[in-house]
$ cat entry-v3.tsv   # TSV, C-alpha atoms and all ligand atoms
chain	number	residue	atom	x	y	z
C	14	MET	CA	-32.30	-24.16	29.49
C	15	LYS	CA	-35.55	-23.25	27.74
C	16	LYS	CA	-36.15	-25.16	24.48
C	17	ILE	CA	-35.61	-22.89	21.50
C	18	LYS	CA	-38.65	-22.64	19.24
C	19	ARG	CA	-38.28	-19.22	17.67
C	20	ILE	CA	-35.08	-17.34	16.85
C	21	GLY	CA	-34.48	-13.73	15.87
C	22	VAL	CA	-31.88	-12.53	13.38
C	23	LEU	CA	-30.52	-9.02	12.86
C	24	THR	CA	-27.73	-7.20	11.06
C	25	SER	CA	-25.89	-4.43	12.91
C	26	GLY	CA	-23.09	-1.91	12.35
C	27	GLY	CA	-21.71	-1.24	8.88
C	28	ASP	CA	-23.36	-3.31	6.17
C	29	ALA	CA	-21.17	-5.80	4.31
C	30	PRO	CA	-21.66	-7.76	1.09
C	31	GLY	CA	-22.72	-11.28	2.03
C	32	MET	CA	-24.90	-10.29	4.97
C	33	ASN	CA	-27.95	-11.24	2.89
C	34	ALA	CA	-26.46	-14.65	2.15
C	35	ALA	CA	-25.94	-15.09	5.91
C	36	ILE	CA	-29.54	-14.09	6.68
C	37	ARG	CA	-30.75	-16.57	4.07
C	38	ALA	CA	-28.64	-19.34	5.59
C	39	VAL	CA	-29.92	-18.62	9.11
C	40	VAL	CA	-33.55	-18.56	7.97
C	41	ARG	CA	-33.38	-21.67	5.82
C	42	THR	CA	-31.42	-23.69	8.41
C	43	ALA	CA	-33.82	-22.69	11.16
C	44	ILE	CA	-36.84	-23.68	9.10
C	45	TYR	CA	-35.16	-26.98	8.21
C	46	GLU	CA	-34.69	-27.58	11.96
C	47	GLY	CA	-38.38	-26.88	12.64
C	48	LEU	CA	-37.86	-23.43	14.17
C	49	GLU	CA	-39.69	-20.18	13.51
C	50	VAL	CA	-37.66	-17.14	12.50
C	51	VAL	CA	-38.23	-13.46	13.16
C	52	GLY	CA	-36.30	-10.88	11.16
C	53	ILE	CA	-35.43	-7.81	13.22
C	54	MET	CA	-35.14	-4.63	11.16
C	55	ARG	CA	-32.37	-2.04	11.59
C	56	GLY	CA	-30.18	-3.90	14.06
C	57	TYR	CA	-30.54	-3.09	17.75
C	58	SER	CA	-32.79	-0.13	16.89
C	59	GLY	CA	-35.40	-2.57	15.58
C	60	LEU	CA	-35.27	-4.53	18.85
C	61	LEU	CA	-36.23	-1.37	20.70
C	62	GLU	CA	-38.89	-0.30	18.23
C	63	LYS	CA	-40.32	-3.84	17.83
C	64	GLN	CA	-39.67	-3.82	14.10
C	65	PHE	CA	-40.18	-7.56	13.74
C	66	MET	CA	-41.23	-9.60	10.71
C	67	THR	CA	-41.90	-13.28	10.33
C	68	MET	CA	-39.44	-14.87	7.93
C	69	LYS	CA	-40.47	-17.74	5.69
C	70	SER	CA	-38.30	-19.64	3.24
C	71	HIS	CA	-39.52	-17.45	0.36
C	72	SER	CA	-38.72	-14.27	2.36
C	73	VAL	CA	-35.06	-14.86	1.55
C	74	SER	CA	-35.47	-15.89	-2.09
C	75	LYS	CA	-33.10	-14.23	-4.56
C	76	ILE	CA	-31.15	-12.26	-1.94
C	77	ILE	CA	-28.03	-14.43	-2.08
C	78	SER	CA	-26.54	-12.31	-4.86
C	79	GLN	CA	-27.50	-8.93	-3.42
C	80	GLY	CA	-25.26	-6.58	-1.46
C	81	GLY	CA	-26.46	-4.63	1.57
C	82	THR	CA	-28.86	-6.24	4.00
C	83	MET	CA	-32.57	-6.86	3.47
C	84	LEU	CA	-33.04	-6.42	7.25
C	85	LYS	CA	-31.30	-3.02	7.07
C	86	SER	CA	-28.69	-2.02	9.62
C	87	SER	CA	-28.07	0.80	12.04
C	88	ARG	CA	-25.72	2.20	14.63
C	89	CYS	CA	-27.71	2.40	17.86
C	90	PRO	CA	-25.59	4.24	20.47
C	91	GLU	CA	-28.31	4.08	23.13
C	92	PHE	CA	-27.77	0.30	23.27
C	93	LYS	CA	-24.78	1.02	25.51
C	94	ASP	CA	-27.26	1.80	28.27
C	95	ARG	CA	-28.30	-1.24	30.34
C	96	LYS	CA	-31.87	0.00	30.76
C	97	VAL	CA	-32.22	0.20	27.00
C	98	ARG	CA	-30.91	-3.35	26.61
C	99	ALA	CA	-33.47	-4.52	29.20
C	100	VAL	CA	-36.24	-3.13	26.97
C	101	ALA	CA	-34.77	-5.03	24.01
C	102	VAL	CA	-34.88	-8.31	25.96
C	103	GLU	CA	-38.45	-7.63	27.13
C	104	ASN	CA	-39.52	-6.95	23.54
C	105	MET	CA	-37.94	-10.20	22.34
C	106	LYS	CA	-39.64	-12.20	25.10
C	107	GLU	CA	-42.98	-10.57	24.30
C	108	ALA	CA	-42.54	-11.61	20.64
C	109	GLY	CA	-41.73	-15.18	21.72
C	110	ILE	CA	-38.12	-14.94	20.53
C	111	ASP	CA	-36.03	-17.44	22.51
C	112	ALA	CA	-32.57	-16.77	20.99
C	113	LEU	CA	-30.84	-14.32	18.70
C	114	VAL	CA	-28.32	-14.38	15.85
C	115	VAL	CA	-26.38	-11.11	15.49
C	116	ILE	CA	-24.58	-10.50	12.19
C	117	GLY	CA	-22.11	-7.63	12.54
C	118	GLY	CA	-18.71	-6.44	13.70
C	119	ASP	CA	-16.96	-6.20	17.07
C	120	GLY	CA	-19.16	-3.30	18.24
C	121	SER	CA	-22.26	-5.39	17.61
C	122	PHE	CA	-20.71	-8.28	19.54
C	123	ARG	CA	-20.13	-6.00	22.54
C	124	GLY	CA	-23.88	-5.40	22.66
C	125	ALA	CA	-24.55	-9.11	22.09
C	126	ASP	CA	-22.17	-10.07	24.89
C	127	LEU	CA	-24.03	-7.86	27.35
C	128	LEU	CA	-27.40	-9.38	26.39
C	129	CYS	CA	-26.01	-12.82	27.25
C	130	ARG	CA	-24.31	-11.79	30.49
C	131	GLU	CA	-26.87	-9.43	31.96
C	132	PHE	CA	-30.07	-11.21	30.98
C	133	ASP	CA	-28.93	-14.76	30.31
C	134	PHE	CA	-30.41	-14.42	26.84
C	135	PRO	CA	-28.96	-16.86	24.25
C	136	VAL	CA	-27.11	-15.00	21.49
C	137	VAL	CA	-24.55	-16.11	18.91
C	138	GLY	CA	-22.71	-13.92	16.40
C	139	ILE	CA	-21.61	-14.09	12.77
C	140	PRO	CA	-18.71	-11.82	11.72
C	141	GLY	CA	-19.98	-9.49	9.00
C	142	THR	CA	-17.75	-6.50	8.21
C	143	ILE	CA	-15.53	-5.50	5.33
C	144	ASP	CA	-12.69	-4.69	7.77
C	145	ASN	CA	-11.58	-8.30	8.45
C	146	ASP	CA	-10.32	-7.23	11.87
C	147	ILE	CA	-12.27	-9.65	14.05
C	148	TYR	CA	-10.43	-12.17	16.16
C	149	GLY	CA	-11.66	-15.77	15.87
C	150	THR	CA	-12.09	-16.05	12.13
C	151	ASP	CA	-9.65	-16.02	9.24
C	152	PHE	CA	-12.04	-13.93	7.18
C	153	THR	CA	-15.10	-11.83	7.89
C	154	ILE	CA	-18.08	-11.79	5.55
C	155	GLY	CA	-17.72	-8.88	3.12
C	156	PHE	CA	-13.94	-8.57	3.15
C	157	ASP	CA	-13.35	-10.56	-0.03
C	158	THR	CA	-15.89	-8.52	-2.00
C	159	ALA	CA	-14.50	-5.25	-0.64
C	160	ILE	CA	-10.92	-6.03	-1.67
C	161	ASN	CA	-12.04	-7.09	-5.12
C	162	THR	CA	-13.92	-3.79	-5.48
C	163	ALA	CA	-10.86	-1.86	-4.32
C	164	VAL	CA	-8.56	-3.77	-6.65
C	165	SER	CA	-10.73	-3.11	-9.68
C	166	ALA	CA	-10.93	0.61	-8.76
C	167	VAL	CA	-7.14	0.91	-8.36
C	168	ASP	CA	-6.59	-0.89	-11.69
C	169	LYS	CA	-8.69	1.83	-13.33
C	170	LEU	CA	-6.82	4.62	-11.54
C	171	ARG	CA	-3.55	3.11	-12.72
C	172	ASP	CA	-4.59	3.80	-16.34
C	173	THR	CA	-4.93	7.52	-15.66
C	174	ALA	CA	-1.83	7.58	-13.44
C	175	ASP	CA	0.23	6.09	-16.28
C	176	SER	CA	-1.30	8.24	-19.01
C	177	HIS	CA	-0.74	11.53	-17.15
C	178	ASN	CA	2.35	10.77	-15.01
C	179	ILE	CA	0.41	11.16	-11.77
C	180	VAL	CA	1.02	9.79	-8.29
C	181	PHE	CA	-2.39	8.75	-6.94
C	182	PHE	CA	-3.08	8.56	-3.22
C	183	VAL	CA	-5.94	6.10	-2.84
C	184	GLU	CA	-7.66	5.91	0.53
C	185	VAL	CA	-9.33	2.64	1.40
C	186	MET	CA	-11.56	1.72	4.35
C	187	GLY	CA	-10.81	-0.56	7.27
C	188	ARG	CA	-11.50	1.57	10.35
C	189	ASP	CA	-8.27	0.98	12.28
C	190	ALA	CA	-7.08	-2.07	10.38
C	191	GLY	CA	-4.86	-2.39	7.33
C	192	PHE	CA	-6.26	-5.59	5.82
C	193	ILE	CA	-8.03	-3.93	2.89
C	194	ALA	CA	-5.05	-1.66	2.22
C	195	LEU	CA	-2.47	-4.41	2.35
C	196	ASN	CA	-4.34	-6.84	0.12
C	197	THR	CA	-5.24	-4.13	-2.38
C	198	ALA	CA	-1.63	-2.97	-2.50
C	199	LEU	CA	-0.22	-6.42	-3.12
C	200	ALA	CA	-2.84	-7.23	-5.74
C	201	THR	CA	-2.39	-3.98	-7.69
C	202	GLY	CA	1.38	-3.63	-7.42
C	203	ALA	CA	1.08	-0.35	-5.56
C	204	GLU	CA	4.32	1.58	-5.14
C	205	ALA	CA	3.74	2.31	-1.43
C	206	THR	CA	1.28	1.40	1.33
C	207	LEU	CA	0.42	3.11	4.60
C	208	VAL	CA	-1.41	1.11	7.25
C	209	PRO	CA	-2.36	2.04	10.83
C	210	GLU	CA	-0.41	-0.91	12.26
C	211	ILE	CA	2.97	0.30	10.93
C	212	PRO	CA	4.18	3.84	11.77
C	213	GLY	CA	4.53	5.98	8.65
C	214	ASP	CA	6.93	8.80	7.84
C	215	ILE	CA	6.52	11.44	5.13
C	216	ASP	CA	10.27	11.82	4.53
C	217	SER	CA	10.79	8.12	3.84
C	218	LEU	CA	7.67	8.05	1.66
C	219	CYS	CA	9.04	10.97	-0.40
C	220	GLY	CA	12.50	9.39	-0.52
C	221	TYR	CA	10.94	6.22	-1.79
C	222	LEU	CA	8.90	7.99	-4.46
C	223	GLU	CA	12.06	9.81	-5.60
C	224	GLN	CA	13.93	6.54	-5.81
C	225	GLU	CA	11.12	5.12	-7.97
C	226	ARG	CA	11.29	8.16	-10.26
C	227	ARG	CA	15.03	7.71	-10.74
C	228	LYS	CA	14.20	4.29	-12.14
C	229	ASN	CA	12.07	6.03	-14.79
C	230	LYS	CA	8.77	5.25	-13.13
C	231	THR	CA	6.71	8.28	-14.06
C	232	SER	CA	3.58	7.49	-12.08
C	233	GLY	CA	2.63	5.72	-8.91
C	234	ILE	CA	-0.07	4.43	-6.60
C	235	VAL	CA	0.10	4.95	-2.85
C	236	ILE	CA	-2.53	3.01	-0.92
C	237	VAL	CA	-3.52	4.75	2.30
C	238	ALA	CA	-5.59	2.95	4.94
C	239	GLU	CA	-7.95	5.25	6.81
C	240	GLY	CA	-7.05	5.64	10.47
C	241	GLY	CA	-3.28	5.86	9.96
C	242	ASP	CA	-0.94	8.10	11.98
C	243	LEU	CA	-0.10	10.38	9.02
C	244	GLY	CA	-3.71	11.40	8.48
C	245	SER	CA	-6.05	11.03	5.53
C	246	ALA	CA	-4.96	10.54	1.93
C	247	VAL	CA	-5.80	14.22	1.31
C	248	GLU	CA	-3.49	15.30	4.14
C	249	ILE	CA	-0.70	12.94	3.11
C	250	ALA	CA	-0.88	14.05	-0.54
C	251	ALA	CA	-0.64	17.69	0.58
C	252	LYS	CA	2.44	16.96	2.72
C	253	VAL	CA	4.11	15.09	-0.16
C	254	LYS	CA	3.29	17.90	-2.61
C	255	GLU	CA	4.96	20.37	-0.24
C	256	LYS	CA	8.18	18.37	-0.35
C	257	LEU	CA	7.96	17.32	-3.99
C	258	PRO	CA	6.27	20.28	-5.74
C	259	ASN	CA	7.07	18.99	-9.22
C	260	TYR	CA	4.98	15.90	-8.69
C	261	GLU	CA	1.52	15.77	-10.20
C	262	THR	CA	-0.67	14.26	-7.46
C	263	ARG	CA	-4.32	13.28	-7.16
C	264	VAL	CA	-6.37	11.80	-4.34
C	265	THR	CA	-9.20	9.29	-4.61
C	266	THR	CA	-11.12	8.15	-1.56
C	267	LEU	CA	-12.89	4.92	-2.44
C	268	GLY	CA	-15.33	5.24	0.47
C	269	HIS	CA	-18.57	3.35	0.65
C	270	ILE	CA	-18.35	1.77	-2.79
C	271	GLN	CA	-16.21	-0.79	-0.93
C	272	ARG	CA	-19.22	-1.77	1.18
C	273	GLY	CA	-21.63	-2.34	-1.71
C	274	GLY	CA	-22.18	-4.65	-4.62
C	275	SER	CA	-22.94	-8.27	-5.25
C	276	PRO	CA	-20.99	-10.49	-2.84
C	277	SER	CA	-18.09	-12.56	-4.21
C	278	CYS	CA	-18.26	-16.35	-4.31
C	279	ASN	CA	-15.99	-16.58	-1.23
C	280	ASP	CA	-18.23	-14.27	0.79
C	281	ARG	CA	-21.38	-16.16	-0.18
C	282	VAL	CA	-19.83	-19.51	0.71
C	283	LEU	CA	-18.54	-18.25	4.07
C	284	ALA	CA	-21.92	-16.65	4.83
C	285	GLY	CA	-23.75	-19.87	4.00
C	286	LEU	CA	-21.53	-22.00	6.23
C	287	LEU	CA	-21.48	-19.61	9.19
C	288	GLY	CA	-25.23	-18.96	8.94
C	289	TYR	CA	-25.88	-22.70	9.07
C	290	GLU	CA	-23.46	-23.20	11.98
C	291	SER	CA	-25.02	-20.35	13.96
C	292	VAL	CA	-28.40	-22.07	14.14
C	293	LYS	CA	-26.82	-25.44	14.93
C	294	ALA	CA	-24.80	-23.77	17.71
C	295	LEU	CA	-27.92	-22.30	19.34
C	296	LEU	CA	-29.64	-25.70	19.15
C	297	ASP	CA	-26.57	-27.28	20.77
C	298	GLY	CA	-27.00	-24.91	23.72
C	299	LYS	CA	-24.16	-22.54	22.78
C	300	SER	CA	-24.43	-18.85	23.61
C	301	GLY	CA	-22.12	-15.88	24.00
C	302	VAL	CA	-19.91	-16.96	21.12
C	303	MET	CA	-19.02	-15.79	17.64
C	304	ILE	CA	-18.92	-18.43	14.95
C	305	GLY	CA	-15.93	-18.14	12.65
C	306	GLN	CA	-13.80	-20.24	10.37
C	307	VAL	CA	-10.16	-20.88	11.23
C	308	ASN	CA	-7.97	-22.98	8.91
C	309	GLY	CA	-11.12	-24.30	7.26
C	310	TYR	CA	-12.73	-25.45	10.51
C	311	VAL	CA	-15.63	-23.93	12.42
C	312	ALA	CA	-14.40	-22.05	15.48
C	313	PHE	CA	-16.36	-20.69	18.45
C	314	THR	CA	-14.87	-17.63	20.12
C	315	PRO	CA	-16.37	-16.02	23.24
C	316	PHE	CA	-17.76	-12.58	22.39
C	317	GLU	CA	-15.47	-10.99	24.94
C	318	GLU	CA	-12.41	-12.30	23.12
C	319	ALA	CA	-13.82	-11.47	19.69
C	320	CYS	CA	-14.36	-7.86	20.86
C	321	THR	CA	-11.17	-7.24	22.74
C	322	ARG	CA	-8.62	-9.02	20.57
C	323	HIS	CA	-8.00	-8.19	16.92
C	324	ASN	CA	-6.77	-10.07	13.91
C	325	GLU	CA	-3.28	-8.91	13.06
C	326	ILE	CA	-2.17	-8.01	9.57
C	327	ASN	CA	0.56	-10.14	8.08
C	328	LYS	CA	3.63	-7.90	8.23
C	329	LYS	CA	5.44	-10.23	5.83
C	330	GLN	CA	2.79	-9.34	3.26
C	331	TYR	CA	3.72	-5.68	3.75
C	332	GLU	CA	7.39	-6.44	3.07
C	333	VAL	CA	6.58	-8.58	0.03
C	334	SER	CA	4.37	-5.85	-1.39
C	335	HIS	CA	7.24	-3.39	-0.99
C	336	ILE	CA	9.83	-5.70	-2.55
C	337	LEU	CA	7.63	-6.55	-5.54
C	338	SER	CA	7.06	-2.89	-6.37
C	339	LEU	CA	10.79	-2.02	-6.41
T	401	LIG	P1	-19.66	-2.92	14.09
T	401	LIG	O1	-20.56	-3.94	14.67
T	401	LIG	O2	-19.59	-3.00	12.59
T	401	LIG	O3	-18.31	-2.88	14.76
T	401	LIG	P2	-20.39	-0.51	15.57
T	401	LIG	O4	-19.10	-0.40	16.30
T	401	LIG	O5	-21.00	0.74	15.03
T	401	LIG	O6	-20.31	-1.49	14.31
T	401	LIG	O7	-21.43	-1.20	16.57
T	401	LIG	C1	-22.74	-1.49	16.10
T	401	LIG	C2	-23.70	-1.30	17.24
T	401	LIG	O8	-23.39	-2.19	18.31
T	401	LIG	C3	-23.68	0.08	17.90
T	401	LIG	O9	-24.39	1.05	17.18
T	401	LIG	C4	-24.35	-0.24	19.22
T	401	LIG	O10	-25.75	-0.37	19.04
T	401	LIG	C5	-23.78	-1.62	19.54
T	401	LIG	N1	-22.64	-1.47	20.44
T	401	LIG	C6	-21.38	-1.09	20.12
T	401	LIG	N2	-20.60	-1.00	21.21
T	401	LIG	C7	-21.39	-1.32	22.27
T	401	LIG	C8	-21.18	-1.42	23.69
T	401	LIG	N3	-20.00	-1.13	24.25
T	401	LIG	N4	-22.23	-1.78	24.45
T	401	LIG	C9	-23.43	-2.06	23.90
T	401	LIG	N5	-23.69	-1.99	22.58
T	401	LIG	C10	-22.69	-1.63	21.77
T	402	LIG	O1	-16.74	-1.05	9.73
T	402	LIG	C1	-16.99	-0.87	8.37
T	402	LIG	C2	-16.62	0.54	7.95
T	402	LIG	O2	-16.90	0.68	6.56
T	402	LIG	C3	-15.18	0.94	8.24
T	402	LIG	O3	-14.26	0.42	7.32
T	402	LIG	C4	-15.30	2.44	8.21
T	402	LIG	O4	-14.31	3.03	9.02
T	402	LIG	C5	-16.66	2.68	8.81
T	402	LIG	O5	-17.40	1.49	8.65
T	402	LIG	C6	-17.41	3.82	8.17
T	402	LIG	O6	-18.58	4.00	8.85
T	402	LIG	P1	-19.78	4.94	8.36
T	402	LIG	O7	-20.47	4.22	7.26
T	402	LIG	O8	-20.64	5.08	9.56
T	402	LIG	O9	-19.16	6.21	7.87

$ encode --input "entry-v3.tsv" --output "structure tokens"
Amino acid sequence: MKKIKRIGVLTSGGDAPGMNAAIRAVVRTAIYEGLEVVGIMRGYSGLLEKQFMTMKSHSVSKIISQGGTMLKSSRCPEFKDRKVRAVAVENMKEAGIDALVVIGGDGSFRGADLLCREFDFPVVGIPGTIDNDIYGTDFTIGFDTAINTAVSAVDKLRDTADSHNIVFFVEVMGRDAGFIALNTALATGAEATLVPEIPGDIDSLCGYLEQERRKNKTSGIVIVAEGGDLGSAVEIAAKVKEKLPNYETRVTTLGHIQRGGSPSCNDRVLAGLLGYESVKALLDGKSGVMIGQVNGYVAFTPFEEACTRHNEINKKQYEVSHILSL
């Protein structure tokens, strides 16, 4: 295998708080190991457009506390085309890049996997997404910050819910995964939670809200994960209002505020460790793997597995959340 002298790093897919801390860790570890580092702007799009910049130690100063990603990110659908990926590899070779670190979610790892398989190009991945749905790591970078943002938003909504006797339907992100919803619900004492992994039913939701009201609860919070079988929070609230017309309801979609903001301590620490391990892994000759942390230990998971399998929500947590809100 060719000796690695220069590595590239990019962020791809949805941005997540802590991606900057991961970039910093990759750059500083690489420099410590005597490597050169090239920052690739806008994910896979930057590989195609040769948006490369040399990264020095000072290039990543003061970014550890910043949300977003200094390298910017993108969704690059054309990367699904092999010919396009061949151009990306050519561009990296032309720039003297010998190996690549991809920070992103499972979609980004699908692209990374193909670069390794088709062109024998060394690539390792770092899980960066607020969704926490990636197999091979207990937590993804950005998840902890996102749930803390959601919790503080729901706490605020609770004030208005209580003051005006309102049932709030709060939609949180997570693509097709209920991690953000479940953790937010448990941490805020939400009255009900709907997640994509567990089939929902409007009649039982209404029955449950009625039961709560009989206990003199005059307001409530229903956490709705996007991607569920009952539709969006707006649709669910409308269906509930049809069945319970006397209820005062409101809908809040938290949206992209969950993706922004200064990363939490946990996200910065995870990003630092995984960023460091990613460079060490490349130098050890590893490729085609995502670097995660499982039970406190570094874990290497083949991209294929990281893309095709998914972390499962803890259904017990769902039950506990329900019991504690009774
Ligand atoms: P995430 O990485 O957060 O899951 P996406 O699913 O949007 O985000 O994927 C990010 C990018 O990864 C896509 O825009 C595309 O460039 C690349 N990608 C996703 N799926 C594939 C695939 N099947 N083949 C090649 N590249 C892919
Ligand atoms: O993957 C991160 C995520 O924020 C998901 O939770 C959400 O479904 C999706 O990205 C939103 O994507 P976009 O920013 O393209 O609307």

$ residues_around --input "entry-v3.tsv" --residues "Glu107 in chain C" --least-positions-apart "4" --cutoff "12 Å" --atoms "all atoms listed in the file" --output "list of chain:residue names"
C:Arg19, C:Leu60, C:Leu61, C:Lys63, C:Phe65, C:Val100, C:Ala101, C:Val102, C:Glu103, C:Asp111

$ closest_residue --input "entry-v3.tsv" --among "C:Gly220, C:Gly233, C:Gly298, C:Gly21" --to "Gly202 in chain C" --atoms "all atoms listed in the file"
C:Gly233

$ residues_near_ligand --input "entry-v3.tsv" --ligand "ligand LIG 401 (chain T)" --cutoff "10 Å" --atoms "all atoms listed in the file" --output "MDAnalysis selection string"
chainID C and resid 24:29 56:58 86:95 97:98 115:128 140:144 146:147 188 320

$ residues_around --input "entry-v3.tsv" --residues "range 239-242 of chain C" --least-positions-apart "4" --cutoff "6 Å" --atoms "only C-alpha atoms" --output "PDB file with C-alpha atoms, keeping the file's coordinate frame"
ATOM      1  CA  MET C 186     -11.560   1.720   4.350  1.00  0.00           C
ATOM      2  CA  ASP C 189      -8.270   0.980  12.280  1.00  0.00           C
ATOM      3  CA  VAL C 208      -1.410   1.110   7.250  1.00  0.00           C
ATOM      4  CA  PRO C 209      -2.360   2.040  10.830  1.00  0.00           C
TER       5      PRO C 209
END

$ atom_distance --input "entry-v3.tsv" --atom1 "CA of Gly80 in chain C" --atom2 "CA of Thr158 in chain C"
9.6 Å

$ residues_around --input "entry-v3.tsv" --residues "Gly288 in chain C" --least-positions-apart "3" --cutoff "9 Å" --atoms "all atoms listed in the file" --output "list in words"
Ala34, Ala35, Ile36, Arg37, Ala38, Val39, Val40, Thr42, Val114, Ile139, Leu283, Ala284, Gly285, Ser291, Val292, Lys293 and Ile304 of chain C

$ atom_distance --input "entry-v3.tsv" --atom1 "CA of Thr206 in chain C" --atom2 "CA of Asp280 in chain C"
25.0 Å

$ build_atoms --input "entry-v3.tsv" --residues "range 94-115 of chain C" --atoms "N, CA and C atoms" --output "PDB file, in the coordinates of the input"
ATOM      1  N   ASP C  94     -26.597   1.578  26.983  1.00  0.00           N
ATOM      2  CA  ASP C  94     -27.260   1.800  28.270  1.00  0.00           C
ATOM      3  C   ASP C  94     -27.994   0.510  28.686  1.00  0.00           C
ATOM      4  N   ARG C  95     -27.704   0.025  29.888  1.00  0.00           N
ATOM      5  CA  ARG C  95     -28.300  -1.240  30.340  1.00  0.00           C
ATOM      6  C   ARG C  95     -29.824  -1.222  30.316  1.00  0.00           C
ATOM      7  N   LYS C  96     -30.396  -0.097  30.718  1.00  0.00           N
ATOM      8  CA  LYS C  96     -31.870   0.000  30.760  1.00  0.00           C
ATOM      9  C   LYS C  96     -32.472  -0.192  29.367  1.00  0.00           C
ATOM     10  N   VAL C  97     -31.751   0.326  28.384  1.00  0.00           N
ATOM     11  CA  VAL C  97     -32.220   0.200  27.000  1.00  0.00           C
ATOM     12  C   VAL C  97     -32.141  -1.276  26.562  1.00  0.00           C
ATOM     13  N   ARG C  98     -31.062  -1.937  26.970  1.00  0.00           N
ATOM     14  CA  ARG C  98     -30.910  -3.350  26.610  1.00  0.00           C
ATOM     15  C   ARG C  98     -32.002  -4.198  27.286  1.00  0.00           C
ATOM     16  N   ALA C  99     -32.403  -3.790  28.499  1.00  0.00           N
ATOM     17  CA  ALA C  99     -33.470  -4.520  29.200  1.00  0.00           C
ATOM     18  C   ALA C  99     -34.772  -4.437  28.395  1.00  0.00           C
ATOM     19  N   VAL C 100     -35.026  -3.285  27.799  1.00  0.00           N
ATOM     20  CA  VAL C 100     -36.240  -3.130  26.970  1.00  0.00           C
ATOM     21  C   VAL C 100     -36.158  -4.072  25.769  1.00  0.00           C
ATOM     22  N   ALA C 101     -34.950  -4.151  25.177  1.00  0.00           N
ATOM     23  CA  ALA C 101     -34.770  -5.030  24.010  1.00  0.00           C
ATOM     24  C   ALA C 101     -35.099  -6.479  24.379  1.00  0.00           C
ATOM     25  N   VAL C 102     -34.634  -6.922  25.537  1.00  0.00           N
ATOM     26  CA  VAL C 102     -34.880  -8.310  25.960  1.00  0.00           C
ATOM     27  C   VAL C 102     -36.378  -8.518  26.221  1.00  0.00           C
ATOM     28  N   GLU C 103     -37.005  -7.553  26.875  1.00  0.00           N
ATOM     29  CA  GLU C 103     -38.450  -7.630  27.130  1.00  0.00           C
ATOM     30  C   GLU C 103     -39.208  -7.764  25.818  1.00  0.00           C
ATOM     31  N   ASN C 104     -38.824  -6.936  24.832  1.00  0.00           N
ATOM     32  CA  ASN C 104     -39.520  -6.950  23.540  1.00  0.00           C
ATOM     33  C   ASN C 104     -39.348  -8.299  22.835  1.00  0.00           C
ATOM     34  N   MET C 105     -38.150  -8.886  22.973  1.00  0.00           N
ATOM     35  CA  MET C 105     -37.940 -10.200  22.340  1.00  0.00           C
ATOM     36  C   MET C 105     -38.805 -11.252  23.018  1.00  0.00           C
ATOM     37  N   LYS C 106     -38.844 -11.193  24.366  1.00  0.00           N
ATOM     38  CA  LYS C 106     -39.640 -12.200  25.100  1.00  0.00           C
ATOM     39  C   LYS C 106     -41.117 -12.065  24.729  1.00  0.00           C
ATOM     40  N   GLU C 107     -41.567 -10.832  24.646  1.00  0.00           N
ATOM     41  CA  GLU C 107     -42.980 -10.570  24.300  1.00  0.00           C
ATOM     42  C   GLU C 107     -43.308 -11.152  22.915  1.00  0.00           C
ATOM     43  N   ALA C 108     -42.320 -11.096  21.999  1.00  0.00           N
ATOM     44  CA  ALA C 108     -42.540 -11.610  20.640  1.00  0.00           C
ATOM     45  C   ALA C 108     -42.254 -13.121  20.556  1.00  0.00           C
ATOM     46  N   GLY C 109     -41.971 -13.738  21.688  1.00  0.00           N
ATOM     47  CA  GLY C 109     -41.730 -15.180  21.720  1.00  0.00           C
ATOM     48  C   GLY C 109     -40.381 -15.582  21.151  1.00  0.00           C
ATOM     49  N   ILE C 110     -39.464 -14.626  21.054  1.00  0.00           N
ATOM     50  CA  ILE C 110     -38.120 -14.940  20.530  1.00  0.00           C
ATOM     51  C   ILE C 110     -37.281 -15.530  21.663  1.00  0.00           C
ATOM     52  N   ASP C 111     -36.761 -16.747  21.442  1.00  0.00           N
ATOM     53  CA  ASP C 111     -36.030 -17.440  22.510  1.00  0.00           C
ATOM     54  C   ASP C 111     -34.517 -17.270  22.394  1.00  0.00           C
ATOM     55  N   ALA C 112     -34.024 -16.882  21.205  1.00  0.00           N
ATOM     56  CA  ALA C 112     -32.570 -16.770  20.990  1.00  0.00           C
ATOM     57  C   ALA C 112     -32.352 -15.861  19.801  1.00  0.00           C
ATOM     58  N   LEU C 113     -31.112 -15.353  19.711  1.00  0.00           N
ATOM     59  CA  LEU C 113     -30.840 -14.320  18.700  1.00  0.00           C
ATOM     60  C   LEU C 113     -29.534 -14.604  17.953  1.00  0.00           C
ATOM     61  N   VAL C 114     -29.553 -14.346  16.641  1.00  0.00           N
ATOM     62  CA  VAL C 114     -28.320 -14.380  15.850  1.00  0.00           C
ATOM     63  C   VAL C 114     -28.003 -12.942  15.438  1.00  0.00           C
ATOM     64  N   VAL C 115     -26.819 -12.469  15.827  1.00  0.00           N
ATOM     65  CA  VAL C 115     -26.380 -11.110  15.490  1.00  0.00           C
ATOM     66  C   VAL C 115     -25.309 -11.194  14.406  1.00  0.00           C
TER      67      VAL C 115
END
